[in-house]
Amino acid sequence: MSRTPLDTVEHATATPDVELPWAELGLKKDEYERVVEILGRRPTGAELAMYSVMWSEHCSYKSSKVHLRQFGEKAPESDAMLVGIGENAGVVDVGQGYAVTFKVESHNHPSYVEPYQGAATGVGGIVRDIIAMGARPVAVVDPLRFGAADHPDTKRVLPGVVAGIGGYGNCLGLPNIGGEVVFDACYQGNPLVNAGAIGVMRHEDIHLAKASGAGNKVILYGARTGGDGIGGASILASETFDDAKPSKRPAVQVGDPFQEKLLIECTLEAFAEKLVVGIQDLGAAGLSCATSELASNGSGGMRVTLDDVPLRDSTLSPEEILMSESQERMCAVVEPEKVDRFLEICDKWDVIATVIGEVTDGDRLEIFWHGGKIVDVDPRTVAHDGPVYERPYARPEWQDALQADDANKLPRPETGEQLKDQVLKLVGSPNQASKQWITQQYDHFVQGNTVLAQPEDSGMIRVDEESGLGVAIATDGNGRYAKLDPYTGAQLALAEAYRNVATTGAKPLAVSDCLNFGSPEDPAVMWQFAEAVRGLADGCLQLGTPVTGGNVSLYNQTGEAAIHPTPVVAVLGVIDDVARRTPVAFQEEGQLLYLLGDTREEFGGSAWSQVIHDHLGGLPPKVDLERERLLGEILISASRDGMIDSAHDLSDGGLVQAVVESALLGKKGARLVVPDGLDAFTFLFSESAGRAVVAVPRSEELRFTDMCGARGLPATRVGVVDGDAVEVQGEFSLPLAELRTAHEETIPALLA
């Protein structure tokens with residue numbers, strides 16, 4: 001894209017009529033005209049490259065900003081919040097002087113093009129966000145969505161994605177403690193690969209992305225810059241896939257986890273010696289992002305010499321260097337007298353480090369190449385003042401018909417034998433079956449601080465060995481619910497993640513999200529997005545769990561077919577002592593099973609309607625967030641005071657799915673009795689929210705039921721842990737061996 005003579009600012013001013021390839025770089029005509037207006041001249045090629053990637057949907061949130069503001073406007077009061085939306089990741093106070101940073105992001109389109117590297121670099125990118133906040137990464141999670149489980153392309157995409165996540169995370173020495181795997185035909189040409197990470201630090205170690213202090217040096221360190229991933233953020237994440245346009249499939253970034261491990265240790269040692277004034281990782285948009293964001297968030301300007309950037313490919317043009325998304329790179333701002341020591345630490349860890357510029361006392365970002373000035377911009381106009389669209393949105397015409405197609409009216413099993421057959425089909429269906437084939441490829445226990453991991457309701461990590469302080473994280477999202485009602489669907493995702501954290505005994509503190517939707521240029525998709533954001537913002541306000549940050553991923557569709565609206569919600573919680581955690585598995589025979597919450601006929605979007613009838617219609621389960629809060633308080637108190645020995649939230653698949661999972665994990669059966677007022681089918685398969693099943697030692701029954709009664713939470717005794725089968729009295733009995741076969745053989749058979 002470089003022109004001869006060198007396309008300097010002076011040259012651009014003198015040649016206003018030179019045509020630039022703004023459309024090829026993903027800019028609209030009016031956006032290009034806005035750049036010209038901002039600069040008062042045509043941009044240079046390098047400036048155009050920067051604006052194109054930084055004004056992309058992926059980097060600028062131009063279609064979603066107007067809705068995302070609700071997360072700030074409706075944010076609940078929170079004593080725990082230390083750093084909120086706008087930084088690399090949110091930070092919360094978890095007590096004892098510790099802070100935890102966490103975030104979820106997407107790497108969807110790259111993972112379809114090249115599953116292994118797309119997923120691997122998704123992990124690498126989210127981990128660098130955590131490092132950039134000053135924290136040591138301690139765990140990762142991976143919410144995943146794939147096409148139909150039996151589709152041939154799923155066999156191509158899923159193993160590659162799983163290998164990429166496992167390969168990168170395992171090499172970094174980070175335990176993978178949570179996430180989910182969902183199959184649905186709507187994700188066929190557009191899998192969702194969302195990656196999350198958690199980091200721990202002391203309060204005083206928090207770092208921010210800002211370049212302050214005139215004369216301070218800008219140091220680029222990590223891997224050399226290559227041609228991989230050029231245009232990745234602006235094109236891959238900002239356009240729908242179209243096989244007829246190979247230009248929409250640029251090279252996916254290539255990751256090196258061993259380089260990233262060195263980068264982590266090098267950065268943390270520099271932090272420990274107080275050498276860093278400001279820091280930014282190089283992820284989406286590469287150097288364009290790092291330089292413009294550091295400069296715009298600081299108190300001055302910045303001058304950078306691009307010739308000093310270490311390259312893997314000497315033929316790269318300056319535009320390509322600015323757009324490259326080569327992995328394992330970071331940018332630090334360091335005081336002049338500390339530069340030598342910073343470089344020494346980088347050399348010790350075998351990390352390439354180069355001073356590429358300095359902070360100035362002006363307000364411009366200036367970039368030079370071969371002696372010529374090729375960028376001269378106000379950095380805010382690049383990093384923060386991109387276009388903001390109020391896209392038209394409208395409730396789709398088909399929504400009423402979809403909701404009227406009531407799943408509660410589908411044919412139901414009429415005999416115990418039919419119930420038994422449908423239970424087996426449910427627990428052996430791809431979405432409800434064991435994901436062990438996938439999760440066994442991840443290291444859950446490296447670093448030695450994991451206390452809960454898949455398939456527990458939430459992952460849990462010990463933060464402090466002496467006190468037992470720990471944090472838990474759960475990610476959840478149900479695209480089927482959100483398709484039926486995006487407002488309620490988003491709140492159900494929040495409620496389930498909140499409930500999953502509370503079920504383990506941890507107190508929910510804060511939220512990160514990854515909002516996956518189709519094209520914002522479709523008013524129906526934009527309505528889904530607007531409703532989901534509104535639902536999530538309202539829900540977080542009611543539950544007192546602020547959104548600390550997250551990610552929006554749009555254009556998730558192939559041609560005209562959009563994915564289900566899929567808001568994925570991560571909830572972080574804190575537990576005073578991980579020794580008091582509550583696992584999913586049944587622990588002892590003879591313990592009493594209690595169903596907490598109200599069970600109603602709610603089958604819209606349910607696993608039962610999908611597995612048995614291949615049906616999606618009706619309304620999703622109702623949400624009662626005050627009930628969710630009360631249930632959470634009861635579960636946390638019961639865990640802390642030793643009143644329950646196991647607990648499992650009720651969500652996809654209902655009570656029977658939860659009981660089967662607890663029984664198989666604990667290798668102990670259960671005898672269930674259908675409560676008065678419920679029929680066996682509704683009792684087993686309903687997906688009413690705000691519920692959990694707990695195993696109560698007989699010695700604690702009175703204390704536990706008194707607590708539930710005093711707080712007004714319905715608690716119904718529904719059975720006992722006993723035997724080697726799951727039996728529903730008067731209906732059927734299923735041996736654990738038969739359930740285990742159905743539950744554990746599905747995924748290996750599909751992917752063989």
# chains A, B, ... in the order shown; residues from 1 in each chain; ligands from 1
>>> select_by_dssp(residues="stretch 444-585 of chain A", states="strand (DSSP E or B)", output="PyMOL selection string")
chain A and resi 450-452+459-462+470-476+507-516+547-553+557-558+561-562+566-575
>>> residues_around(residues="stretch 289-295 of chain A", least_positions_apart="5", cutoff="9 Å", atoms="only C-alpha atoms", output="PyMOL selection string")
chain A and resi 50+53-54+59+209-212+218+278-284+300-302+304+322-323+330-331+333+359+363-365+378-384
>>> closest_residue(among="A:Ala433, A:Leu536, A:Val720, A:Leu572", to="A:Gln591", atoms="only C-alpha atoms")
A:Val720
>>> select_by_dssp(residues="stretch 492-570 of chain A", states="helix (DSSP H, G or I)", output="NGL selection string")
:A and (492-503 or 523-543)
>>> write_last_selection(atoms="N, CA, C and O atoms", output="compact mmCIF listing (two decimals), in the first residue's frame")
# COMPACT_ATOMS: atom_id res chain seq x y z
N LEU A 492 -31.44 -14.41 31.94
CA LEU A 492 -31.29 -15.82 32.31
C LEU A 492 -29.83 -16.24 32.29
O LEU A 492 -29.39 -17.04 33.13
N ALA A 493 -29.06 -15.71 31.33
CA ALA A 493 -27.62 -16.00 31.30
C ALA A 493 -26.94 -15.45 32.55
O ALA A 493 -26.12 -16.13 33.19
N LEU A 494 -27.28 -14.21 32.90
CA LEU A 494 -26.74 -13.60 34.12
C LEU A 494 -27.16 -14.40 35.34
O LEU A 494 -26.32 -14.71 36.22
N ALA A 495 -28.45 -14.76 35.42
CA ALA A 495 -28.96 -15.48 36.59
C ALA A 495 -28.28 -16.83 36.74
O ALA A 495 -27.94 -17.26 37.86
N GLU A 496 -28.06 -17.52 35.62
CA GLU A 496 -27.45 -18.85 35.71
C GLU A 496 -25.99 -18.76 36.17
O GLU A 496 -25.54 -19.54 37.02
N ALA A 497 -25.23 -17.79 35.61
CA ALA A 497 -23.84 -17.65 36.03
C ALA A 497 -23.76 -17.24 37.50
O ALA A 497 -22.92 -17.73 38.26
N TYR A 498 -24.64 -16.33 37.92
CA TYR A 498 -24.72 -15.90 39.32
C TYR A 498 -25.02 -17.10 40.22
O TYR A 498 -24.38 -17.31 41.26
N ARG A 499 -26.00 -17.90 39.80
CA ARG A 499 -26.41 -19.08 40.57
C ARG A 499 -25.29 -20.11 40.63
O ARG A 499 -25.06 -20.75 41.66
N ASN A 500 -24.58 -20.29 39.52
CA ASN A 500 -23.49 -21.27 39.49
C ASN A 500 -22.37 -20.90 40.46
O ASN A 500 -21.77 -21.77 41.09
N VAL A 501 -22.08 -19.60 40.55
CA VAL A 501 -21.06 -19.15 41.50
C VAL A 501 -21.55 -19.36 42.94
O VAL A 501 -20.82 -19.90 43.78
N ALA A 502 -22.79 -18.98 43.21
CA ALA A 502 -23.33 -19.13 44.57
C ALA A 502 -23.43 -20.59 44.98
O ALA A 502 -23.25 -20.93 46.15
N THR A 503 -23.72 -21.47 44.02
CA THR A 503 -23.88 -22.89 44.33
C THR A 503 -22.60 -23.48 44.91
O THR A 503 -22.64 -24.39 45.74
N PRO A 523 -31.89 -4.65 11.08
CA PRO A 523 -32.66 -4.07 12.21
C PRO A 523 -33.15 -5.13 13.20
O PRO A 523 -33.25 -4.83 14.40
N ALA A 524 -33.42 -6.35 12.75
CA ALA A 524 -33.87 -7.41 13.66
C ALA A 524 -32.74 -7.81 14.61
O ALA A 524 -32.96 -8.00 15.81
N VAL A 525 -31.53 -7.94 14.06
CA VAL A 525 -30.37 -8.29 14.90
C VAL A 525 -30.08 -7.15 15.87
O VAL A 525 -29.79 -7.37 17.05
N MET A 526 -30.18 -5.93 15.39
CA MET A 526 -29.89 -4.78 16.25
C MET A 526 -30.92 -4.70 17.39
O MET A 526 -30.58 -4.31 18.52
N TRP A 527 -32.16 -5.08 17.11
CA TRP A 527 -33.18 -5.12 18.17
C TRP A 527 -32.81 -6.18 19.21
O TRP A 527 -32.90 -5.93 20.43
N GLN A 528 -32.37 -7.34 18.73
CA GLN A 528 -31.94 -8.40 19.66
C GLN A 528 -30.81 -7.88 20.56
O GLN A 528 -30.81 -8.10 21.78
N PHE A 529 -29.85 -7.19 19.94
CA PHE A 529 -28.71 -6.66 20.71
C PHE A 529 -29.17 -5.63 21.74
O PHE A 529 -28.78 -5.69 22.91
N ALA A 530 -29.99 -4.69 21.29
CA ALA A 530 -30.46 -3.62 22.19
C ALA A 530 -31.22 -4.21 23.37
O ALA A 530 -31.04 -3.79 24.52
N GLU A 531 -32.07 -5.19 23.10
CA GLU A 531 -32.86 -5.81 24.17
C GLU A 531 -31.97 -6.60 25.13
O GLU A 531 -32.17 -6.57 26.35
N ALA A 532 -30.99 -7.30 24.59
CA ALA A 532 -30.10 -8.09 25.45
C ALA A 532 -29.27 -7.19 26.37
O ALA A 532 -29.12 -7.47 27.56
N VAL A 533 -28.75 -6.09 25.81
CA VAL A 533 -27.97 -5.15 26.64
C VAL A 533 -28.85 -4.54 27.72
O VAL A 533 -28.45 -4.43 28.88
N ARG A 534 -30.06 -4.15 27.33
CA ARG A 534 -31.00 -3.58 28.31
C ARG A 534 -31.30 -4.59 29.41
O ARG A 534 -31.30 -4.24 30.61
N GLY A 535 -31.53 -5.85 29.02
CA GLY A 535 -31.81 -6.89 30.01
C GLY A 535 -30.65 -7.12 30.95
O GLY A 535 -30.83 -7.26 32.17
N LEU A 536 -29.45 -7.15 30.39
CA LEU A 536 -28.26 -7.40 31.21
C LEU A 536 -27.98 -6.22 32.14
O LEU A 536 -27.67 -6.42 33.33
N ALA A 537 -28.11 -5.02 31.63
CA ALA A 537 -27.88 -3.83 32.47
C ALA A 537 -28.89 -3.77 33.61
O ALA A 537 -28.54 -3.51 34.77
N ASP A 538 -30.16 -4.02 33.30
CA ASP A 538 -31.20 -4.02 34.34
C ASP A 538 -30.93 -5.12 35.37
O ASP A 538 -31.10 -4.92 36.58
N GLY A 539 -30.53 -6.30 34.88
CA GLY A 539 -30.29 -7.43 35.77
C GLY A 539 -29.11 -7.19 36.69
O GLY A 539 -29.16 -7.51 37.89
N CYS A 540 -28.03 -6.63 36.14
CA CYS A 540 -26.84 -6.36 36.97
C CYS A 540 -27.15 -5.32 38.04
O CYS A 540 -26.66 -5.42 39.18
N LEU A 541 -27.96 -4.33 37.69
CA LEU A 541 -28.36 -3.32 38.67
C LEU A 541 -29.13 -3.97 39.81
O LEU A 541 -28.88 -3.70 40.99
N GLN A 542 -30.06 -4.86 39.46
CA GLN A 542 -30.89 -5.49 40.48
C GLN A 542 -30.10 -6.45 41.37
O GLN A 542 -30.33 -6.52 42.58
N LEU A 543 -29.14 -7.17 40.77
CA LEU A 543 -28.36 -8.13 41.55
C LEU A 543 -27.16 -7.48 42.25
O LEU A 543 -26.51 -8.12 43.07
>>> closest_residue(among="A:Ser60, A:Thr225, A:Ser512, A:Thr548", to="A:Ala353", atoms="only C-alpha atoms")
A:Thr225
>>> closest_residue(among="A:Gln188, A:Ser324, A:Asn449, A:Thr267", to="A:Leu343", atoms="only C-alpha atoms")
A:Thr267
>>> closest_residue(among="A:Thr475, A:Thr558, A:Thr599, A:Ser609", to="A:Ala715", atoms="only C-alpha atoms")
A:Thr599
